[in-house]
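For reference, the structure discussed in these notes is given below.
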Amino acid sequence: MPANLEQAVWIDWCAPVPKEPAGSRVYFGHETCEYLLPAADAISDWARSARDRGIALTLVTPFLTNPGLDRIRRLVDCLSAIDGALEVVCSDWGLLDVLAREHVVTPVLGRLLAARPADPRLMRMFAAGRERMLTHLDGTVCRLKYRPPGADLARHYRGCWLDRPELRSWFLSRGVRRAEIDNTGQGIELAGLPGWSYSLHAPEVLVAAMRRCPGPGEDFSAPAECPSSRCGAPAVTWTAPAFPAPLRRRQNALYYDWPGLPENLEALPIDRIVRRGAVC
C-alpha cells in the first residue's frame, strides 16, 4: 500500500469520538437516508471534540427531499462554523450545486453520484477460464466457454464516467476536487489529472439504494415505516444463485464486500482509503 495514502474511517456520530481513531479523518452522517442524519444541536459538541483533537471531518449526506435539503443546509452551517475545513460528501446534485456556489465548505462527489458499475456479477466477466453448462431455449445443453471482454468494455466496467478531462476540469472550476468510489471486484482503471483525486471505500461496495427500508420479512409491500431518528436494526443478508457474493442490506441500501485492494493502486489517482467502523 502506498505510504502517502490518507486513512479515514466511518464512525458512529451517536457515540463518543474514539480516543485513538483508525485514521486522521472521520466520516459521519448517512449516505442513503436523510432521516438518519444528525441534527445540528445533537452533533455540535461531538464535532468540537473531534476538531479539538486534530481529527479532520467529512460529513456524508444522502439524496434529499426539499425539506431534507433545508435541514442539511442548517447542519452544514453549524458544522462549518466549528470546522472551516469541513468536507461534505454529496449524493444529491442540488446540494452539490448549492455548496459549490457558496464556497463555504469543500464539496465532494459521493459514491451515488460517481456511480461506478457495482453489480457483483460483473467480476465473473473477468474470471479467466471460467466455463459453465447451460440449457438453450430449445433444450440443447451447451458449454458456455469464457471469452474475455474487449478492451473498451473492460475499461467501461472498471472506469468511472467522471474519468474525462473536460468533466473533471469543469468540476474543478466549481471547487469540487474529489470523488468517492467503491473497491469493486472487477478492478479499477482511472486516469490522473492534476488537482483531482479519489477516495476508495473498502471493503464495502455500495450496490444500490432504495427509496425506503423494507418491512418485516424483507417485504416491500408492507407499509412504509420510516424512522424519525436513528435506526439500529441489524443488517440482513440477501443471497441469490446468480450472485458470486452475498449482499448485505443495511437500512435502505445493499452492499457487498471486496476486501482486496486493487493491484494497480499505486498507479491510480487515489490518495485516501475509507474503511467502515461502527456507524449509524
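Starting from 1 in every chain, residues are counted up; chains themselves are A, B, ... following the order of the C-alpha cells, and ligands are numbered from 1 as listed.
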
Check your understanding: Contacts of Asn183 in chain A at 10 Å or less, counting only C-alpha atoms, minus same-chain residues fewer than 3 places along, as a ChimeraX atom specification?
Key -> /A:116,118,186-188,199-206,257-262,273

Practice item. Could you give me, as a PyMOL selection string, each residue of range 29-219 of chain A that DSSP assigns to strand (DSSP E) when run on this structure's backbone? Key: chain A and resi 29+56-60+87-90+106-109+132-135+141-144+178-182+197-201+204-209

Mind writing the picked residues with N, CA and C atoms as an mmCIF file, in the first residue's frame?
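out-v1.cif was written with the following content:
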```
data_model
loop_
_atom_site.group_PDB
_atom_site.id
_atom_site.type_symbol
_atom_site.label_atom_id
_atom_site.label_comp_id
_atom_site.auth_asym_id
_atom_site.auth_seq_id
_atom_site.Cartn_x
_atom_site.Cartn_y
_atom_site.Cartn_z
ATOM 1 N N GLY A 29 -22.388 10.793 9.444
ATOM 2 C CA GLY A 29 -23.611 11.182 8.755
ATOM 3 C C GLY A 29 -24.317 9.946 8.248
ATOM 4 N N ALA A 56 -9.767 15.473 11.193
ATOM 5 C CA ALA A 56 -10.471 16.105 10.078
ATOM 6 C C ALA A 56 -11.864 15.496 9.940
ATOM 7 N N LEU A 57 -12.834 16.335 9.533
ATOM 8 C CA LEU A 57 -14.231 15.913 9.488
ATOM 9 C C LEU A 57 -14.764 15.876 8.059
ATOM 10 N N THR A 58 -15.474 14.800 7.745
ATOM 11 C CA THR A 58 -16.166 14.671 6.467
ATOM 12 C C THR A 58 -17.602 14.248 6.742
ATOM 13 N N LEU A 59 -18.538 15.132 6.443
ATOM 14 C CA LEU A 59 -19.957 14.842 6.603
ATOM 15 C C LEU A 59 -20.467 14.165 5.333
ATOM 16 N N VAL A 60 -21.101 13.013 5.487
ATOM 17 C CA VAL A 60 -21.654 12.273 4.340
ATOM 18 C C VAL A 60 -23.161 12.476 4.315
ATOM 19 N N GLU A 87 -15.387 18.907 4.968
ATOM 20 C CA GLU A 87 -15.774 18.310 3.697
ATOM 21 C C GLU A 87 -17.222 17.842 3.796
ATOM 22 N N VAL A 88 -17.968 17.968 2.693
ATOM 23 C CA VAL A 88 -19.326 17.452 2.637
ATOM 24 C C VAL A 88 -19.451 16.564 1.404
ATOM 25 N N VAL A 89 -19.636 15.260 1.638
ATOM 26 C CA VAL A 89 -19.834 14.314 0.546
ATOM 27 C C VAL A 89 -21.296 14.393 0.120
ATOM 28 N N CYS A 90 -21.530 14.670 -1.155
ATOM 29 C CA CYS A 90 -22.880 14.898 -1.665
ATOM 30 C C CYS A 90 -23.359 13.715 -2.494
ATOM 31 N N THR A 106 -15.952 22.308 1.570
ATOM 32 C CA THR A 106 -15.391 21.609 0.412
ATOM 33 C C THR A 106 -16.362 20.526 -0.038
ATOM 34 N N PRO A 107 -17.029 20.714 -1.185
ATOM 35 C CA PRO A 107 -17.959 19.685 -1.669
ATOM 36 C C PRO A 107 -17.218 18.534 -2.323
ATOM 37 N N VAL A 108 -17.742 17.323 -2.134
ATOM 38 C CA VAL A 108 -17.153 16.102 -2.674
ATOM 39 C C VAL A 108 -18.258 15.314 -3.364
ATOM 40 N N LEU A 109 -17.953 14.729 -4.518
ATOM 41 C CA LEU A 109 -18.913 13.871 -5.203
ATOM 42 C C LEU A 109 -18.994 12.522 -4.491
ATOM 43 N N ARG A 132 -19.187 -22.858 -17.901
ATOM 44 C CA ARG A 132 -20.333 -23.464 -17.228
ATOM 45 C C ARG A 132 -21.280 -24.053 -18.266
ATOM 46 N N MET A 133 -22.069 -25.009 -17.793
ATOM 47 C CA MET A 133 -23.059 -25.646 -18.643
ATOM 48 C C MET A 133 -24.380 -24.891 -18.513
ATOM 49 N N LEU A 134 -25.089 -24.775 -19.633
ATOM 50 C CA LEU A 134 -26.405 -24.152 -19.598
ATOM 51 C C LEU A 134 -27.300 -24.822 -20.626
ATOM 52 N N THR A 135 -28.589 -24.614 -20.480
ATOM 53 C CA THR A 135 -29.577 -25.194 -21.388
ATOM 54 C C THR A 135 -30.155 -24.105 -22.277
ATOM 55 N N VAL A 141 -28.291 -28.750 -24.443
ATOM 56 C CA VAL A 141 -27.332 -28.472 -23.381
ATOM 57 C C VAL A 141 -26.025 -28.002 -24.021
ATOM 58 N N CYS A 142 -25.542 -26.856 -23.581
ATOM 59 C CA CYS A 142 -24.349 -26.241 -24.180
ATOM 60 C C CYS A 142 -23.306 -25.966 -23.105
ATOM 61 N N ARG A 143 -22.063 -25.937 -23.541
ATOM 62 C CA ARG A 143 -20.974 -25.495 -22.668
ATOM 63 C C ARG A 143 -20.629 -24.051 -23.036
ATOM 64 N N LEU A 144 -20.808 -23.146 -22.074
ATOM 65 C CA LEU A 144 -20.505 -21.736 -22.299
ATOM 66 C C LEU A 144 -19.037 -21.501 -21.972
ATOM 67 N N ARG A 178 -12.656 16.176 -5.564
ATOM 68 C CA ARG A 178 -12.577 14.787 -5.093
ATOM 69 C C ARG A 178 -13.897 14.067 -5.351
ATOM 70 N N ALA A 179 -13.777 12.756 -5.588
ATOM 71 C CA ALA A 179 -14.956 11.894 -5.705
ATOM 72 C C ALA A 179 -14.716 10.631 -4.894
ATOM 73 N N GLU A 180 -15.792 10.072 -4.354
ATOM 74 C CA GLU A 180 -15.750 8.835 -3.592
ATOM 75 C C GLU A 180 -16.102 7.676 -4.532
ATOM 76 N N ILE A 181 -15.349 6.599 -4.486
ATOM 77 C CA ILE A 181 -15.620 5.438 -5.337
ATOM 78 C C ILE A 181 -15.505 4.151 -4.527
ATOM 79 N N ASP A 182 -16.046 3.070 -5.120
ATOM 80 C CA ASP A 182 -16.043 1.767 -4.467
ATOM 81 C C ASP A 182 -14.901 0.888 -4.948
ATOM 82 N N SER A 197 -8.594 13.978 -7.206
ATOM 83 C CA SER A 197 -8.269 12.717 -6.543
ATOM 84 C C SER A 197 -9.546 11.975 -6.158
ATOM 85 N N TYR A 198 -9.363 10.702 -5.831
ATOM 86 C CA TYR A 198 -10.468 9.836 -5.434
ATOM 87 C C TYR A 198 -10.216 9.282 -4.033
ATOM 88 N N SER A 199 -11.320 9.044 -3.324
ATOM 89 C CA SER A 199 -11.291 8.285 -2.073
ATOM 90 C C SER A 199 -11.843 6.899 -2.370
ATOM 91 N N LEU A 200 -11.149 5.871 -1.932
ATOM 92 C CA LEU A 200 -11.561 4.492 -2.189
ATOM 93 C C LEU A 200 -12.188 3.907 -0.929
ATOM 94 N N HIS A 201 -13.452 3.474 -1.035
ATOM 95 C CA HIS A 201 -14.133 2.837 0.088
ATOM 96 C C HIS A 201 -13.882 1.340 0.040
ATOM 97 N N GLU A 204 -16.281 -2.374 1.735
ATOM 98 C CA GLU A 204 -17.704 -2.373 1.436
ATOM 99 C C GLU A 204 -18.015 -1.644 0.135
ATOM 100 N N VAL A 205 -18.755 -2.307 -0.751
ATOM 101 C CA VAL A 205 -19.153 -1.757 -2.041
ATOM 102 C C VAL A 205 -20.653 -1.459 -2.006
ATOM 103 N N LEU A 206 -21.021 -0.221 -2.309
ATOM 104 C CA LEU A 206 -22.425 0.175 -2.353
ATOM 105 C C LEU A 206 -23.016 -0.228 -3.701
ATOM 106 N N VAL A 207 -23.961 -1.170 -3.690
ATOM 107 C CA VAL A 207 -24.541 -1.700 -4.925
ATOM 108 C C VAL A 207 -25.765 -0.910 -5.357
ATOM 109 N N ALA A 208 -26.656 -0.624 -4.433
ATOM 110 C CA ALA A 208 -27.910 0.043 -4.790
ATOM 111 C C ALA A 208 -28.526 0.670 -3.545
ATOM 112 N N ALA A 209 -29.317 1.711 -3.767
ATOM 113 C CA ALA A 209 -30.070 2.349 -2.687
ATOM 114 C C ALA A 209 -31.551 2.284 -3.021
#
```

Point to revise | Contacts of Leu190 in chain A at 8 Å (only C-alpha atoms; same-chain gap of 4+ positions) as a PyMOL selection string | key: chain A and resi 159-160+163+268-269

Exercise for review: May I have the residues within 10 Å of Arg147 in chain A as a list in words, using only C-alpha atoms and disregarding those fewer than 2 positions away in the same chain?
Suggested key: Met125, Phe126, Ala127, Ala128, Gly129, Arg130, Glu131, Leu144, Lys145, Pro149 and Gly150 of chain A

For the residues in that selection, give me N, CA and C atoms as a PDB file, in the first residue's frame.
```pdb
ATOM      1  N   MET A 125     -17.110 -11.603 -15.387  1.00  0.00           N
ATOM      2  CA  MET A 125     -16.638 -11.309 -16.733  1.00  0.00           C
ATOM      3  C   MET A 125     -15.119 -11.327 -16.811  1.00  0.00           C
ATOM      4  N   PHE A 126     -14.477 -11.136 -15.661  1.00  0.00           N
ATOM      5  CA  PHE A 126     -13.019 -11.042 -15.632  1.00  0.00           C
ATOM      6  C   PHE A 126     -12.382 -12.272 -14.993  1.00  0.00           C
ATOM      7  N   ALA A 127     -13.175 -13.320 -14.783  1.00  0.00           N
ATOM      8  CA  ALA A 127     -12.670 -14.562 -14.196  1.00  0.00           C
ATOM      9  C   ALA A 127     -12.181 -15.469 -15.323  1.00  0.00           C
ATOM     10  N   ALA A 128     -10.931 -15.338 -15.700  1.00  0.00           N
ATOM     11  CA  ALA A 128     -10.380 -16.078 -16.844  1.00  0.00           C
ATOM     12  C   ALA A 128     -10.537 -17.576 -16.654  1.00  0.00           C
ATOM     13  N   GLY A 129     -10.905 -18.255 -17.764  1.00  0.00           N
ATOM     14  CA  GLY A 129     -11.021 -19.702 -17.742  1.00  0.00           C
ATOM     15  C   GLY A 129     -12.325 -20.231 -17.213  1.00  0.00           C
ATOM     16  N   ARG A 130     -13.225 -19.367 -16.805  1.00  0.00           N
ATOM     17  CA  ARG A 130     -14.483 -19.835 -16.231  1.00  0.00           C
ATOM     18  C   ARG A 130     -15.399 -20.376 -17.335  1.00  0.00           C
ATOM     19  N   GLU A 131     -15.903 -21.573 -17.146  1.00  0.00           N
ATOM     20  CA  GLU A 131     -16.855 -22.180 -18.061  1.00  0.00           C
ATOM     21  C   GLU A 131     -18.019 -22.741 -17.259  1.00  0.00           C
ATOM     22  N   LEU A 144     -20.808 -23.146 -22.074  1.00  0.00           N
ATOM     23  CA  LEU A 144     -20.505 -21.736 -22.299  1.00  0.00           C
ATOM     24  C   LEU A 144     -19.037 -21.501 -21.972  1.00  0.00           C
ATOM     25  N   LYS A 145     -18.243 -21.211 -22.987  1.00  0.00           N
ATOM     26  CA  LYS A 145     -16.822 -21.005 -22.792  1.00  0.00           C
ATOM     27  C   LYS A 145     -16.516 -19.539 -22.499  1.00  0.00           C
ATOM     28  N   PRO A 149     -13.676  -9.899 -21.954  1.00  0.00           N
ATOM     29  CA  PRO A 149     -14.263  -8.696 -22.545  1.00  0.00           C
ATOM     30  C   PRO A 149     -13.214  -7.923 -23.335  1.00  0.00           C
ATOM     31  N   GLY A 150     -13.663  -7.219 -24.358  1.00  0.00           N
ATOM     32  CA  GLY A 150     -12.749  -6.388 -25.130  1.00  0.00           C
ATOM     33  C   GLY A 150     -12.215  -5.230 -24.302  1.00  0.00           C
TER      34      GLY A 150
END
```

Study note, to complete from the structure: Of A:Leu37, A:Leu167, A:Ala191, A:Ala245, the one nearest to Glu266 in chain A when counting only C-alpha atoms is A:Ala191

Practice item. For CA of Tyr27 in chain A and CA of Ile11 in chain A, quote the distance in Å rounded to one decimal. Key: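 We find that CA of Tyr27 in chain A and CA of Ile11 in chain A lie 6.3 Å from each other.
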
Pull the alpha helix (DSSP H) assignments for range 82-252 of chain A out of DSSP run on the backbone, and list those residues as a PDB file with C-alpha atoms, in the first residue's frame.
```
ATOM      1  CA  ILE A  82     -16.902  24.648  14.042  1.00  0.00           C
ATOM      2  CA  TRP A  93     -26.963  17.235  -7.296  1.00  0.00           C
ATOM      3  CA  GLY A  94     -28.993  20.041  -5.738  1.00  0.00           C
ATOM      4  CA  LEU A  95     -26.877  20.079  -2.581  1.00  0.00           C
ATOM      5  CA  LEU A  96     -23.661  19.879  -4.612  1.00  0.00           C
ATOM      6  CA  ASP A  97     -24.749  22.911  -6.646  1.00  0.00           C
ATOM      7  CA  VAL A  98     -25.611  24.924  -3.527  1.00  0.00           C
ATOM      8  CA  LEU A  99     -22.319  24.146  -1.777  1.00  0.00           C
ATOM      9  CA  ALA A 100     -20.277  24.785  -4.943  1.00  0.00           C
ATOM     10  CA  ARG A 101     -21.852  28.236  -5.295  1.00  0.00           C
ATOM     11  CA  GLU A 102     -21.497  29.225  -1.638  1.00  0.00           C
ATOM     12  CA  ARG A 111     -20.418   7.278  -4.453  1.00  0.00           C
ATOM     13  CA  LEU A 112     -24.018   7.591  -5.651  1.00  0.00           C
ATOM     14  CA  LEU A 113     -23.067  10.456  -7.971  1.00  0.00           C
ATOM     15  CA  ALA A 114     -19.784   8.922  -9.127  1.00  0.00           C
ATOM     16  CA  ALA A 151     -10.536  -3.507 -24.081  1.00  0.00           C
ATOM     17  CA  ASP A 152     -13.279  -0.880 -24.423  1.00  0.00           C
ATOM     18  CA  LEU A 153     -15.834  -2.916 -22.471  1.00  0.00           C
ATOM     19  CA  ALA A 154     -13.301  -3.728 -19.739  1.00  0.00           C
ATOM     20  CA  ARG A 155     -12.386  -0.050 -19.474  1.00  0.00           C
ATOM     21  CA  HIS A 156     -16.062   0.870 -19.187  1.00  0.00           C
ATOM     22  CA  TYR A 157     -16.762  -1.542 -16.330  1.00  0.00           C
ATOM     23  CA  ARG A 158     -13.536  -0.718 -14.495  1.00  0.00           C
ATOM     24  CA  PRO A 165     -10.561  15.642 -18.616  1.00  0.00           C
ATOM     25  CA  GLU A 166     -13.284  18.077 -19.666  1.00  0.00           C
ATOM     26  CA  LEU A 167     -15.646  16.852 -16.937  1.00  0.00           C
ATOM     27  CA  ARG A 168     -13.095  16.956 -14.175  1.00  0.00           C
ATOM     28  CA  SER A 169     -11.894  20.392 -15.318  1.00  0.00           C
ATOM     29  CA  TRP A 170     -15.470  21.646 -15.032  1.00  0.00           C
ATOM     30  CA  PHE A 171     -15.857  20.229 -11.532  1.00  0.00           C
ATOM     31  CA  LEU A 172     -12.506  21.706 -10.534  1.00  0.00           C
ATOM     32  CA  SER A 173     -13.741  25.104 -11.700  1.00  0.00           C
TER      33      SER A 173
END
```
